$ cat coords39.cif   # mmCIF, C-alpha atoms
data_structure
loop_
_atom_site.label_atom_id
_atom_site.label_comp_id
_atom_site.auth_asym_id
_atom_site.auth_seq_id
_atom_site.Cartn_x
_atom_site.Cartn_y
_atom_site.Cartn_z
CA MET A 1 25.45 -20.54 39.49
CA ARG A 2 23.10 -21.14 36.57
CA ASN A 3 24.16 -23.59 34.00
CA PRO A 4 24.21 -21.61 30.72
CA ALA A 5 23.31 -24.74 28.84
CA MET A 6 20.14 -25.06 30.89
CA SER A 7 18.96 -21.43 30.67
CA VAL A 8 16.19 -20.71 28.22
CA GLU A 9 16.93 -17.55 26.24
CA PRO A 10 14.13 -15.96 24.24
CA ARG A 11 14.72 -16.49 20.54
CA PHE A 12 13.69 -12.96 19.73
CA PRO A 13 15.09 -9.57 20.76
CA ALA A 14 13.41 -7.43 23.38
CA LEU A 15 10.90 -4.94 22.02
CA HIS A 16 11.40 -1.53 23.63
CA PRO A 17 11.04 2.13 22.57
CA GLY A 18 14.73 2.32 21.64
CA VAL A 19 14.75 -0.40 18.98
CA LEU A 20 14.25 2.15 16.21
CA ALA A 21 16.92 4.56 17.45
CA ILE A 22 19.63 5.40 14.90
CA ASP A 23 22.81 7.46 14.90
CA CYS A 24 21.41 10.14 12.60
CA GLU A 25 24.73 11.73 11.64
CA ALA A 26 26.35 8.40 10.82
CA GLU A 27 23.31 7.22 8.89
CA ALA A 28 23.00 10.46 6.90
CA ALA A 29 26.70 10.30 6.03
CA ARG A 30 26.46 6.64 5.02
CA ILE A 31 23.40 7.21 2.81
CA ALA A 32 24.91 10.29 1.18
CA ALA A 33 28.11 8.38 0.41
CA ARG A 34 26.11 5.51 -1.09
CA MET A 35 24.07 7.93 -3.22
CA ARG A 36 27.24 9.60 -4.52
CA GLU A 37 28.82 6.24 -5.26
CA ALA A 38 25.67 5.00 -7.02
CA LEU A 39 25.53 8.11 -9.17
CA VAL A 40 29.14 7.84 -10.27
CA SER A 41 29.79 4.11 -10.38
CA ASP A 42 26.42 2.49 -11.07
CA LEU A 43 24.26 5.03 -12.83
CA HIS A 44 26.83 7.26 -14.55
CA ARG A 45 24.63 10.34 -14.16
CA ARG A 46 25.53 13.87 -13.14
CA GLY A 47 22.96 14.69 -10.47
CA PHE A 48 19.59 13.89 -8.95
CA VAL A 49 16.01 14.76 -9.84
CA ILE A 50 13.58 14.61 -6.94
CA ALA A 51 9.82 15.14 -6.95
CA MET A 52 9.04 17.09 -3.79
CA SER A 53 5.56 16.57 -2.41
CA GLY A 54 6.00 18.65 0.72
CA GLY A 55 5.84 15.44 2.76
CA ILE A 56 8.45 14.04 5.10
CA ASP A 57 9.92 11.34 2.85
CA SER A 58 10.68 13.39 -0.24
CA SER A 59 11.93 16.24 1.97
CA VAL A 60 14.46 13.98 3.68
CA CYS A 61 15.52 12.51 0.34
CA ALA A 62 16.03 15.99 -1.09
CA ALA A 63 18.21 16.98 1.85
CA LEU A 64 20.20 13.75 1.54
CA ALA A 65 20.69 14.37 -2.18
CA VAL A 66 22.06 17.84 -1.45
CA ARG A 67 24.37 16.34 1.13
CA ALA A 68 25.49 13.70 -1.37
CA VAL A 69 26.26 15.85 -4.41
CA GLY A 70 25.65 19.49 -3.51
CA ALA A 71 22.67 21.74 -4.19
CA GLU A 72 23.78 22.63 -7.71
CA ARG A 73 23.43 18.99 -8.79
CA VAL A 74 19.92 18.47 -7.41
CA ARG A 75 16.78 19.51 -9.29
CA GLY A 76 13.48 19.69 -7.43
CA LEU A 77 10.11 19.14 -9.08
CA MET A 78 6.73 20.11 -7.65
CA LEU A 79 3.98 18.36 -9.58
CA PRO A 80 0.60 19.32 -8.14
CA GLU A 81 -2.74 18.35 -9.66
CA ARG A 82 -6.38 19.15 -9.00
CA ASP A 83 -6.64 17.19 -5.73
CA SER A 84 -3.32 18.29 -4.20
CA ALA A 85 -3.50 20.36 -1.04
CA PRO A 86 -2.14 23.89 -1.70
CA GLU A 87 -0.12 23.84 1.52
CA SER A 88 1.86 20.82 0.24
CA LEU A 89 3.23 22.93 -2.61
CA GLU A 90 4.04 25.79 -0.26
CA ARG A 91 5.99 23.48 2.04
CA ALA A 92 7.91 21.94 -0.87
CA ILE A 93 8.90 25.34 -2.30
CA ALA A 94 9.99 26.59 1.12
CA LEU A 95 12.22 23.54 1.53
CA ALA A 96 13.73 23.89 -1.96
CA ASP A 97 14.55 27.51 -1.12
CA GLN A 98 16.08 26.47 2.19
CA LEU A 99 18.20 23.79 0.49
CA GLY A 100 19.23 26.21 -2.24
CA ILE A 101 18.20 23.92 -5.11
CA ARG A 102 16.66 24.90 -8.44
CA TYR A 103 13.13 23.66 -8.95
CA HIS A 104 10.25 23.63 -11.41
CA VAL A 105 6.55 23.68 -10.62
CA GLU A 106 4.52 21.83 -13.24
CA ASP A 107 0.77 21.45 -12.92
CA ILE A 108 0.01 17.93 -14.17
CA ALA A 109 -3.80 18.38 -14.06
CA PRO A 110 -4.09 19.12 -17.83
CA SER A 111 -2.19 15.90 -18.64
CA LEU A 112 -4.38 13.94 -16.25
CA GLU A 113 -7.47 15.54 -17.73
CA ALA A 114 -6.36 14.55 -21.24
CA LEU A 115 -5.75 10.97 -20.12
CA GLY A 116 -9.20 10.76 -18.58
CA CYS A 117 -7.88 10.27 -15.06
CA TYR A 118 -10.64 12.27 -13.38
CA ALA A 119 -13.43 11.20 -15.75
CA ARG A 120 -12.64 7.49 -15.43
CA ARG A 121 -12.38 7.76 -11.65
CA ASP A 122 -15.64 9.68 -11.40
CA GLU A 123 -17.42 7.21 -13.67
CA ALA A 124 -16.56 4.41 -11.23
CA ILE A 125 -17.59 6.54 -8.24
CA ARG A 126 -20.96 7.30 -9.88
CA ALA A 127 -21.57 3.57 -10.34
CA VAL A 128 -21.67 3.40 -6.52
CA PHE A 129 -23.06 6.87 -5.75
CA PRO A 130 -25.08 8.05 -8.79
CA GLY A 131 -25.46 11.55 -7.33
CA TYR A 132 -21.69 12.17 -7.28
CA ALA A 133 -21.02 15.27 -9.39
CA SER A 134 -18.88 18.35 -9.73
CA GLY A 135 -18.16 19.92 -6.36
CA TRP A 136 -18.26 16.59 -4.50
CA LYS A 137 -15.16 15.14 -2.89
CA SER A 138 -14.06 11.55 -2.44
CA LYS A 139 -11.50 9.19 -0.98
CA ILE A 140 -11.10 5.49 -0.45
CA ALA A 141 -10.25 3.92 2.90
CA ILE A 142 -8.98 0.46 3.76
CA ALA A 143 -10.91 -1.79 6.13
CA GLY A 144 -11.01 -5.38 7.32
CA GLY A 145 -7.36 -6.35 7.74
CA GLY A 146 -6.91 -4.74 11.13
CA GLU A 147 -9.93 -6.66 12.43
CA GLY A 148 -8.87 -10.08 11.21
CA GLY A 149 -10.82 -10.03 7.97
CA PHE A 150 -9.86 -9.56 4.35
CA ASN A 151 -8.67 -6.15 3.29
CA TYR A 152 -11.25 -4.29 1.28
CA PHE A 153 -11.88 -0.66 0.47
CA ARG A 154 -14.67 1.73 1.33
CA LEU A 155 -15.52 4.67 -0.88
CA VAL A 156 -16.28 7.85 1.03
CA VAL A 157 -17.96 10.77 -0.76
CA GLN A 158 -18.85 14.20 0.52
CA SER A 159 -21.47 16.46 -1.04
CA PRO A 160 -20.84 20.21 -1.44
CA ASP A 161 -22.94 20.85 1.69
CA GLY A 162 -20.67 18.56 3.74
CA GLU A 163 -22.81 15.42 3.99
CA GLN A 164 -20.64 12.27 3.94
CA ARG A 165 -21.70 8.83 2.72
CA ASP A 166 -19.68 5.67 2.38
CA ALA A 167 -20.03 2.19 0.90
CA ARG A 168 -17.91 -0.89 0.34
CA LEU A 169 -16.42 -0.86 -3.13
CA PRO A 170 -17.25 -3.76 -5.45
CA ALA A 171 -14.29 -5.23 -7.33
CA ARG A 172 -14.91 -3.54 -10.67
CA GLU A 173 -15.32 -0.03 -9.29
CA TYR A 174 -12.44 -0.45 -6.82
CA LEU A 175 -10.07 -1.50 -9.57
CA GLN A 176 -11.18 1.31 -11.89
CA ILE A 177 -10.76 4.00 -9.22
CA VAL A 178 -7.29 2.74 -8.35
CA ALA A 179 -6.31 2.36 -12.01
CA ALA A 180 -7.48 5.90 -12.83
CA THR A 181 -5.83 7.40 -9.76
CA ASN A 182 -2.56 5.64 -10.56
CA PHE A 183 -2.29 7.95 -13.58
CA LYS A 184 -1.19 10.61 -11.09
CA GLN A 185 1.91 8.78 -9.90
CA ARG A 186 2.73 7.59 -13.41
CA VAL A 187 2.43 11.02 -15.03
CA ARG A 188 4.60 12.46 -12.28
CA LYS A 189 7.22 9.82 -13.00
CA MET A 190 7.15 10.63 -16.73
CA VAL A 191 7.85 14.27 -15.93
CA GLU A 192 10.62 13.30 -13.51
CA TYR A 193 12.31 11.20 -16.18
CA TYR A 194 11.87 13.96 -18.76
CA HIS A 195 13.96 16.24 -16.58
CA ALA A 196 16.35 13.46 -15.62
CA ASP A 197 16.95 12.64 -19.29
CA ARG A 198 17.50 16.23 -20.37
CA LEU A 199 19.87 16.93 -17.48
CA HIS A 200 21.45 13.47 -17.55
CA TYR A 201 20.46 13.06 -13.91
CA ALA A 202 19.14 10.07 -11.95
CA VAL A 203 15.68 9.89 -10.38
CA ILE A 204 15.25 9.47 -6.65
CA GLY A 205 12.43 7.30 -5.29
CA THR A 206 11.22 8.20 -1.82
CA PRO A 207 9.56 5.20 -0.16
CA ASN A 208 10.30 4.56 3.49
CA ARG A 209 10.53 1.01 4.80
CA LEU A 210 6.83 0.67 5.64
CA GLU A 211 5.86 1.72 2.14
CA TYR A 212 8.54 -0.34 0.42
CA ASP A 213 7.87 -3.50 2.43
CA GLN A 214 4.09 -3.29 2.32
CA GLY A 215 3.86 -2.29 -1.34
CA PHE A 216 2.43 1.16 -0.75
CA PHE A 217 3.43 2.51 -4.14
CA VAL A 218 2.35 2.40 -7.75
CA LYS A 219 4.27 0.09 -10.03
CA ASN A 220 5.92 2.16 -12.74
CA GLY A 221 4.67 5.21 -10.87
CA ASP A 222 6.24 6.37 -7.65
CA GLY A 223 7.74 2.86 -7.43
CA ALA A 224 10.00 3.63 -10.41
CA ALA A 225 13.35 5.21 -9.58
CA ASP A 226 17.10 4.83 -9.92
CA VAL A 227 17.91 5.22 -6.22
CA LYS A 228 15.73 4.73 -3.15
CA PRO A 229 17.81 6.18 -0.32
CA ILE A 230 15.44 5.67 2.62
CA ALA A 231 13.72 2.38 1.67
CA HIS A 232 15.51 0.66 4.56
CA LEU A 233 14.40 3.20 7.18
CA TYR A 234 11.27 2.91 9.29
CA LYS A 235 9.14 6.03 9.11
CA THR A 236 10.02 6.89 12.71
CA GLN A 237 13.67 6.88 11.65
CA VAL A 238 12.88 9.13 8.69
CA TYR A 239 11.44 11.65 11.15
CA MET A 240 14.59 11.37 13.29
CA LEU A 241 16.71 12.03 10.22
CA ALA A 242 14.45 14.93 9.22
CA ARG A 243 15.10 16.69 12.50
CA HIS A 244 18.83 16.05 12.17
CA LEU A 245 18.90 17.38 8.61
CA GLY A 246 17.05 20.57 9.56
CA ILE A 247 13.80 19.85 7.72
CA PRO A 248 11.34 22.61 8.72
CA GLY A 249 8.83 21.96 11.49
CA ALA A 250 5.94 22.62 9.10
CA ILE A 251 6.92 19.45 7.23
CA ARG A 252 7.84 17.39 10.28
CA GLU A 253 4.61 18.23 12.04
CA ALA A 254 2.23 17.74 9.10
CA ALA A 255 0.13 14.57 9.25
CA PRO A 256 1.23 12.09 6.54
CA THR A 257 -1.41 12.09 3.81
CA THR A 258 -1.61 10.51 0.39
CA ASP A 259 -2.41 13.91 -1.21
CA THR A 260 -4.10 11.90 -3.95
CA TYR A 261 -7.82 12.10 -3.21
CA SER A 262 -9.91 15.26 -2.91
CA LEU A 263 -11.03 14.38 0.64
CA ARG A 264 -8.13 14.55 3.08
CA GLN A 265 -6.84 11.04 3.68
CA GLY A 266 -4.28 9.78 6.19
CA GLN A 267 -1.85 7.08 5.05
CA ASP A 268 -3.02 4.72 7.81
CA GLU A 269 -6.62 5.32 6.81
CA PHE A 270 -5.81 4.48 3.22
CA TYR A 271 -3.50 1.55 3.62
CA PHE A 272 -1.91 0.66 6.96
CA ALA A 273 -3.57 -1.14 9.86
CA LEU A 274 -2.16 1.29 12.43
CA PRO A 275 -0.77 4.85 12.51
CA TYR A 276 2.89 4.83 11.48
CA GLU A 277 4.22 5.38 15.03
CA ARG A 278 2.71 2.01 16.00
CA MET A 279 2.98 0.34 12.62
CA ASP A 280 6.78 0.82 12.64
CA PHE A 281 7.06 -1.14 15.89
CA ALA A 282 4.68 -3.80 14.57
CA LEU A 283 6.75 -4.28 11.42
CA TRP A 284 10.02 -4.28 13.38
CA ALA A 285 8.58 -6.86 15.79
CA TYR A 286 7.28 -9.00 12.94
CA ASN A 287 10.65 -8.84 11.18
CA HIS A 288 12.42 -9.89 14.37
CA ARG A 289 10.01 -12.75 15.10
CA VAL A 290 8.69 -11.15 18.25
CA PRO A 291 5.50 -13.04 19.25
CA SER A 292 2.30 -11.08 18.68
CA ASP A 293 1.51 -11.29 22.41
CA ALA A 294 4.68 -9.32 23.17
CA LEU A 295 3.75 -6.76 20.52
CA ALA A 296 0.29 -6.49 22.05
CA ALA A 297 1.76 -5.84 25.49
CA PHE A 298 4.17 -3.25 24.11
CA LEU A 299 1.51 -1.37 22.12
CA ASP A 300 -1.12 -1.85 24.84
CA MET A 301 -3.55 -3.52 22.50
CA ALA A 302 -5.60 -6.73 22.60
CA PRO A 303 -3.51 -9.83 21.74
CA GLU A 304 -6.03 -10.78 19.07
CA LEU A 305 -5.62 -7.39 17.36
CA ALA A 306 -1.84 -7.76 17.36
CA SER A 307 -2.19 -11.14 15.68
CA PHE A 308 -4.46 -9.51 13.08
CA VAL A 309 -1.80 -6.86 12.44
CA TYR A 310 0.81 -9.60 11.87
CA ARG A 311 -1.53 -11.41 9.52
CA ASP A 312 -2.15 -8.14 7.67
CA ILE A 313 1.60 -7.49 7.28
CA ALA A 314 2.08 -10.95 5.78
CA ALA A 315 -0.96 -10.59 3.52
CA LYS A 316 0.14 -7.20 2.17
CA ARG A 317 3.69 -8.39 1.66
CA ALA A 318 2.42 -11.36 -0.34
CA ALA A 319 -0.20 -9.40 -2.27
CA THR A 320 2.24 -6.71 -3.36
CA ARG A 321 5.09 -8.98 -4.44
CA TYR A 322 3.94 -8.11 -7.96
CA GLN A 323 4.78 -4.46 -7.29
CA HIS A 324 8.45 -5.31 -6.79
CA ALA A 325 8.72 -7.92 -9.54
CA MET A 326 10.90 -7.34 -12.56
CA PRO A 327 9.40 -8.36 -15.92
CA ILE A 328 9.49 -12.13 -16.18
CA LEU A 329 11.36 -13.55 -19.14
CA ALA A 330 10.31 -16.80 -20.80
CA GLY A 331 13.97 -17.66 -21.36
CA SER A 332 17.24 -16.48 -19.85
CA VAL A 333 19.50 -13.83 -21.37
CA PRO A 334 22.68 -14.48 -19.37
CA GLU A 335 24.66 -11.81 -21.21
CA VAL A 336 22.44 -9.13 -19.69
CA GLY A 337 21.26 -10.64 -16.42
CA PRO A 338 18.55 -12.81 -14.91
CA MET B 339 -30.56 -39.78 5.33
CA ASN B 340 -33.84 -38.02 4.67
CA ALA B 341 -34.84 -36.21 1.46
CA ALA B 342 -34.19 -32.75 2.91
CA SER B 343 -30.64 -33.58 3.97
CA ILE B 344 -29.91 -35.20 0.59
CA GLU B 345 -31.22 -32.09 -1.10
CA GLY B 346 -29.10 -29.88 1.17
CA LYS B 347 -25.98 -31.91 0.50
CA THR B 348 -26.55 -31.75 -3.25
CA GLU B 349 -27.04 -28.01 -3.03
CA MET B 350 -23.74 -27.61 -1.16
CA GLN B 351 -21.97 -29.77 -3.73
CA ASP B 352 -23.44 -27.63 -6.51
CA THR B 353 -22.25 -24.50 -4.71
CA ILE B 354 -18.74 -25.89 -4.32
CA ALA B 355 -18.66 -26.87 -7.99
CA ALA B 356 -19.78 -23.39 -9.07
CA VAL B 357 -17.18 -21.61 -6.92
CA ARG B 358 -14.47 -24.03 -8.03
CA ARG B 359 -15.40 -23.28 -11.66
CA PHE B 360 -15.21 -19.52 -10.97
CA LEU B 361 -11.75 -19.90 -9.40
CA ASN B 362 -10.51 -22.08 -12.24
CA GLU B 363 -11.75 -19.74 -14.93
CA ASN B 364 -10.62 -16.49 -13.32
CA PHE B 365 -7.60 -17.20 -11.14
CA LEU B 366 -6.05 -20.54 -12.01
CA MET B 367 -6.55 -20.38 -15.77
CA ASP B 368 -6.89 -24.17 -15.83
CA ASP B 369 -3.68 -24.55 -13.87
CA ALA B 370 -3.04 -28.07 -12.62
CA LEU B 371 -3.34 -26.94 -8.97
CA GLU B 372 -6.09 -28.94 -7.34
CA VAL B 373 -8.44 -26.88 -5.20
CA ARG B 374 -9.77 -29.26 -2.58
CA ASP B 375 -12.81 -28.36 -0.52
CA ASP B 376 -10.54 -27.40 2.39
CA THR B 377 -7.70 -25.74 0.41
CA SER B 378 -6.96 -22.32 1.93
CA PHE B 379 -7.05 -19.68 -0.83
CA MET B 380 -4.77 -17.46 1.25
CA GLU B 381 -2.20 -20.05 2.24
CA GLU B 382 -1.99 -21.46 -1.28
CA HIS B 383 -1.74 -17.92 -2.73
CA ILE B 384 -4.74 -18.57 -4.93
CA LEU B 385 -6.32 -15.26 -3.94
CA ASP B 386 -4.85 -12.00 -2.69
CA SER B 387 -6.92 -9.19 -1.19
CA THR B 388 -8.09 -8.00 -4.61
CA GLY B 389 -8.95 -11.60 -5.47
CA PHE B 390 -11.14 -11.88 -2.38
CA ILE B 391 -12.93 -8.67 -3.31
CA GLU B 392 -13.57 -10.14 -6.76
CA LEU B 393 -14.73 -13.44 -5.27
CA ILE B 394 -17.12 -11.75 -2.86
CA THR B 395 -18.50 -9.46 -5.57
CA TRP B 396 -19.13 -12.55 -7.69
CA ILE B 397 -20.77 -14.47 -4.82
CA GLU B 398 -23.14 -11.57 -4.21
CA GLU B 399 -24.13 -11.46 -7.86
CA ALA B 400 -24.23 -15.20 -8.55
CA PHE B 401 -26.10 -16.24 -5.41
CA HIS B 402 -28.18 -13.07 -4.87
CA VAL B 403 -26.91 -12.56 -1.33
CA ARG B 404 -25.43 -9.62 0.53
CA VAL B 405 -22.08 -10.15 2.24
CA HIS B 406 -21.98 -7.75 5.17
CA ASP B 407 -18.68 -6.10 6.11
CA GLU B 408 -18.37 -8.03 9.36
CA GLU B 409 -18.78 -11.29 7.44
CA MET B 410 -15.72 -10.76 5.22
CA LEU B 411 -13.62 -13.19 7.22
CA PRO B 412 -11.39 -16.14 6.31
CA GLU B 413 -13.66 -18.48 8.29
CA ASN B 414 -16.45 -17.62 5.83
CA PHE B 415 -14.63 -17.37 2.50
CA ASP B 416 -11.13 -18.88 2.63
CA THR B 417 -12.11 -22.38 1.41
CA LEU B 418 -14.75 -23.87 -0.84
CA ALA B 419 -16.29 -25.67 2.14
CA ASN B 420 -16.44 -22.46 4.19
CA ILE B 421 -18.19 -20.64 1.36
CA ALA B 422 -20.69 -23.46 0.93
CA ARG B 423 -21.42 -23.50 4.68
CA TRP B 424 -21.79 -19.72 4.77
CA LEU B 425 -24.20 -19.77 1.82
CA GLU B 426 -26.15 -22.59 3.44
CA ARG B 427 -26.52 -20.52 6.61
CA LYS B 428 -27.70 -17.58 4.50
CA ARG B 429 -30.30 -19.76 2.78
CA MET B 430 -31.57 -21.06 6.12
CA GLU B 431 -31.76 -17.51 7.53
CA ALA B 432 -33.70 -16.39 4.46
CA ALA B 433 -36.07 -19.37 4.73
CA ALA B 434 -36.68 -18.87 8.47
#
$ encode --input "coords39.cif" --output "structure tokens"
Amino acid sequence: MRNPAMSVEPRFPALHPGVLAIDCEAEAARIAARMREALVSDLHRRGFVIAMSGGIDSSVCAALAVRAVGAERVRGLMLPERDSAPESLERAIALADQLGIRYHVEDIAPSLEALGCYARRDEAIRAVFPGYASGWKSKIAIAGGGEGGFNYFRLVVQSPDGEQRDARLPAREYLQIVAATNFKQRVRKMVEYYHADRLHYAVIGTPNRLEYDQGFFVKNGDGAADVKPIAHLYKTQVYMLARHLGIPGAIREAAPTTDTYSLRQGQDEFYFALPYERMDFALWAYNHRVPSDALAAFLDMAPELASFVYRDIAAKRAATRYQHAMPILAGSVPEVGP
Amino acid sequence: MNAASIEGKTEMQDTIAAVRRFLNENFLMDDALEVRDDTSFMEEHILDSTGFIELITWIEEAFHVRVHDEEMLPENFDTLANIARWLERKRMEAAA
């Protein structure tokens, strides 16, 4: 008989395909109850406003909101702009109809135009590619972190005849493109709060755990919300919940995109080191102190690459702490809070 | 120590001083934190990813060098000493 005191137990849980499994019905019920409680007890509002992008996260949040307070107390918003894919809007409208909620479609392109969103972005793009003009498309893509280097961004442009070129973005142009593009998320949030204020509703934020943890949101843009119902769920779990909640296949099967740049751009291409199916396991393993070698074996990748992914998770978490930070006060106001 | 090695050492010290000045002026704002030659910018949270992009953009402009994508690694740019060594290698490559 082995002496229990002598046995060496691993100090981390086993990593296997089932670690992300959830009881979808129990989880949906728990989240809906928490949303209802938050609305009544914490926020003192009468319903929920949700911006519906046609993507998986906002679709699941919309369905959870309906489950929490009923369709008549949920207002959907579709807020497309010049670079949004038309099929995103179609998917969002189809879901709103399925859920039986009222919705408004508001084109935010004129507001963005007035703010100089497109002009400021294009000015920075032209500093790198002087030939960039009307009819061209663009996107930015992350690089470096997955290979053990620093994260940096590449600018990809495509001419009207389909020729693609790309270059590493210098600091000034990178920051200006991001700053200009962030107008999109911030204008959307202004519109969401307009409707929330007039209806006396609360605003739902839709980040999943990967996005919330790794800072994949715009501060005071899509990061602003009153309730974030799925911020604790890995994206794989959001998909599980989507199936359980009856979200249409067209949404569940669409590749996750940012829907922010005119060239189609996957979320992993833009921000994450791996596609979400693998990134979820990497983040879970990192959170549970699973050694990178074990992650490498599980994901069938080189041990060095797994260590780079861990380093990238830590770097993004540190770099985006600012995104989560509340305004810092120079002195305390104990009557109100920290 | 011969004249060439003294000259090289002085050049590295000048490089380190210039980068330290850039960090102080742009990221530390004259904070009391001491940046030693081997202080890790990442571990000490002196630079985040955007900070590294700014640093590398500045290095390219200030020292008239091109940092290739595959060179954007901590072992080249995470400390003052690493930067000085990387620049020294670049100078030797250019002179060869």
$ resolve_selection --input "coords39.cif" --expression "the PyMOL selection byres ((chain A) within 6 of (chain B))" --output "PyMOL selection string"
chain A and resi 149-151+170-171+319
$ atom_distance --input "coords39.cif" --atom1 "CA of Arg126 in chain A" --atom2 "CA of Ala114 in chain A"
19.9 Å
$ resolve_selection --input "coords39.cif" --expression "the PyMOL selection byres ((chain A and resi 68-70) around 10)" --output "compact mmCIF listing (two decimals) with C-alpha atoms, keeping the file's coordinate frame"
# COMPACT_ATOMS: atom_id res chain seq x y z
CA ALA A 28 23.00 10.46 6.90
CA ALA A 29 26.70 10.30 6.03
CA ARG A 30 26.46 6.64 5.02
CA ILE A 31 23.40 7.21 2.81
CA ALA A 32 24.91 10.29 1.18
CA ALA A 33 28.11 8.38 0.41
CA ARG A 34 26.11 5.51 -1.09
CA MET A 35 24.07 7.93 -3.22
CA ARG A 36 27.24 9.60 -4.52
CA GLU A 37 28.82 6.24 -5.26
CA LEU A 39 25.53 8.11 -9.17
CA ARG A 46 25.53 13.87 -13.14
CA GLY A 47 22.96 14.69 -10.47
CA PHE A 48 19.59 13.89 -8.95
CA ALA A 62 16.03 15.99 -1.09
CA ALA A 63 18.21 16.98 1.85
CA LEU A 64 20.20 13.75 1.54
CA ALA A 65 20.69 14.37 -2.18
CA VAL A 66 22.06 17.84 -1.45
CA ARG A 67 24.37 16.34 1.13
CA ALA A 71 22.67 21.74 -4.19
CA GLU A 72 23.78 22.63 -7.71
CA ARG A 73 23.43 18.99 -8.79
CA VAL A 74 19.92 18.47 -7.41
CA LEU A 99 18.20 23.79 0.49
CA GLY A 100 19.23 26.21 -2.24
CA ILE A 101 18.20 23.92 -5.11
$ residues_near_point --input "coords39.cif" --point "(-1.5, -6.8, -0.4)" --cutoff "9 Å" --atoms "only C-alpha atoms" --output "list of chain:residue names"
A:Asn151, A:Gln214, A:Gly215, A:Phe216, A:Asp312, A:Ile313, A:Ala314, A:Ala315, A:Lys316, A:Arg317, A:Ala318, A:Ala319, A:Thr320, A:Arg321, B:Asp386, B:Ser387, B:Thr388
$ residues_around --input "coords39.cif" --residues "Trp284 in chain A" --least-positions-apart "4" --cutoff "9 Å" --atoms "all atoms listed in the file" --output "CSV table (one decimal) with C-alpha atoms, in the coordinates of the input"
chain,number,residue,atom,x,y,z
A,15,LEU,CA,10.9,-4.9,22.0
A,19,VAL,CA,14.8,-0.4,19.0
A,20,LEU,CA,14.2,2.2,16.2
A,234,TYR,CA,11.3,2.9,9.3
A,279,MET,CA,3.0,0.3,12.6
A,280,ASP,CA,6.8,0.8,12.6
A,288,HIS,CA,12.4,-9.9,14.4
A,289,ARG,CA,10.0,-12.8,15.1
A,290,VAL,CA,8.7,-11.2,18.2
$ resolve_selection --input "coords39.cif" --expression "the PyMOL selection byres ((chain A and resi 129) around 12)" --output "number ranges by chain"
A: 122-128, 130-133, 136-138, 155-159, 164-169, 173
$ atom_distance --input "coords39.cif" --atom1 "CA of Arg198 in chain A" --atom2 "CA of Ala231 in chain A"
26.3 Å
$ closest_residue --input "coords39.cif" --among "A:Ser307, A:Ile22, A:Val49, A:Pro327" --to "Tyr194 in chain A" --atoms "only C-alpha atoms"
A:Val49
$ residues_around --input "coords39.cif" --residues "Asp376 in chain B" --least-positions-apart "5" --cutoff "10 Å" --atoms "all atoms listed in the file" --output "list in words"
Asp416, Thr417, Leu418, Ala419 and Asn420 of chain B
$ residues_around --input "coords39.cif" --residues "range 351-361 of chain B" --least-positions-apart "3" --cutoff "8 Å" --atoms "only C-alpha atoms" --output "MDAnalysis selection string"
chainID B and resid 347:348 364:366 373 375 418:419 421:422
$ write_last_selection --input "coords39.cif" --atoms "C-alpha atoms" --output "tab-separated table (two decimals), in the frame of the given file"
chain	number	residue	atom	x	y	z
B	347	LYS	CA	-25.98	-31.91	0.50
B	348	THR	CA	-26.55	-31.75	-3.25
B	364	ASN	CA	-10.62	-16.49	-13.32
B	365	PHE	CA	-7.60	-17.20	-11.14
B	366	LEU	CA	-6.05	-20.54	-12.01
B	373	VAL	CA	-8.44	-26.88	-5.20
B	375	ASP	CA	-12.81	-28.36	-0.52
B	418	LEU	CA	-14.75	-23.87	-0.84
B	419	ALA	CA	-16.29	-25.67	2.14
B	421	ILE	CA	-18.19	-20.64	1.36
B	422	ALA	CA	-20.69	-23.46	0.93
$ residues_near_point --input "coords39.cif" --point "(1.9, 22.1, 1.4)" --cutoff "10 Å" --atoms "all atoms listed in the file" --output "NGL selection string"
:A and (53-55 or 84-94 or 250-251 or 254 or 259)
$ write_last_selection --input "coords39.cif" --atoms "C-alpha atoms" --output "PDB file, keeping the file's coordinate frame"
ATOM      1  CA  SER A  53       5.560  16.570  -2.410  1.00  0.00           C
ATOM      2  CA  GLY A  54       6.000  18.650   0.720  1.00  0.00           C
ATOM      3  CA  GLY A  55       5.840  15.440   2.760  1.00  0.00           C
ATOM      4  CA  SER A  84      -3.320  18.290  -4.200  1.00  0.00           C
ATOM      5  CA  ALA A  85      -3.500  20.360  -1.040  1.00  0.00           C
ATOM      6  CA  PRO A  86      -2.140  23.890  -1.700  1.00  0.00           C
ATOM      7  CA  GLU A  87      -0.120  23.840   1.520  1.00  0.00           C
ATOM      8  CA  SER A  88       1.860  20.820   0.240  1.00  0.00           C
ATOM      9  CA  LEU A  89       3.230  22.930  -2.610  1.00  0.00           C
ATOM     10  CA  GLU A  90       4.040  25.790  -0.260  1.00  0.00           C
ATOM     11  CA  ARG A  91       5.990  23.480   2.040  1.00  0.00           C
ATOM     12  CA  ALA A  92       7.910  21.940  -0.870  1.00  0.00           C
ATOM     13  CA  ILE A  93       8.900  25.340  -2.300  1.00  0.00           C
ATOM     14  CA  ALA A  94       9.990  26.590   1.120  1.00  0.00           C
ATOM     15  CA  ALA A 250       5.940  22.620   9.100  1.00  0.00           C
ATOM     16  CA  ILE A 251       6.920  19.450   7.230  1.00  0.00           C
ATOM     17  CA  ALA A 254       2.230  17.740   9.100  1.00  0.00           C
ATOM     18  CA  ASP A 259      -2.410  13.910  -1.210  1.00  0.00           C
TER      19      ASP A 259
END
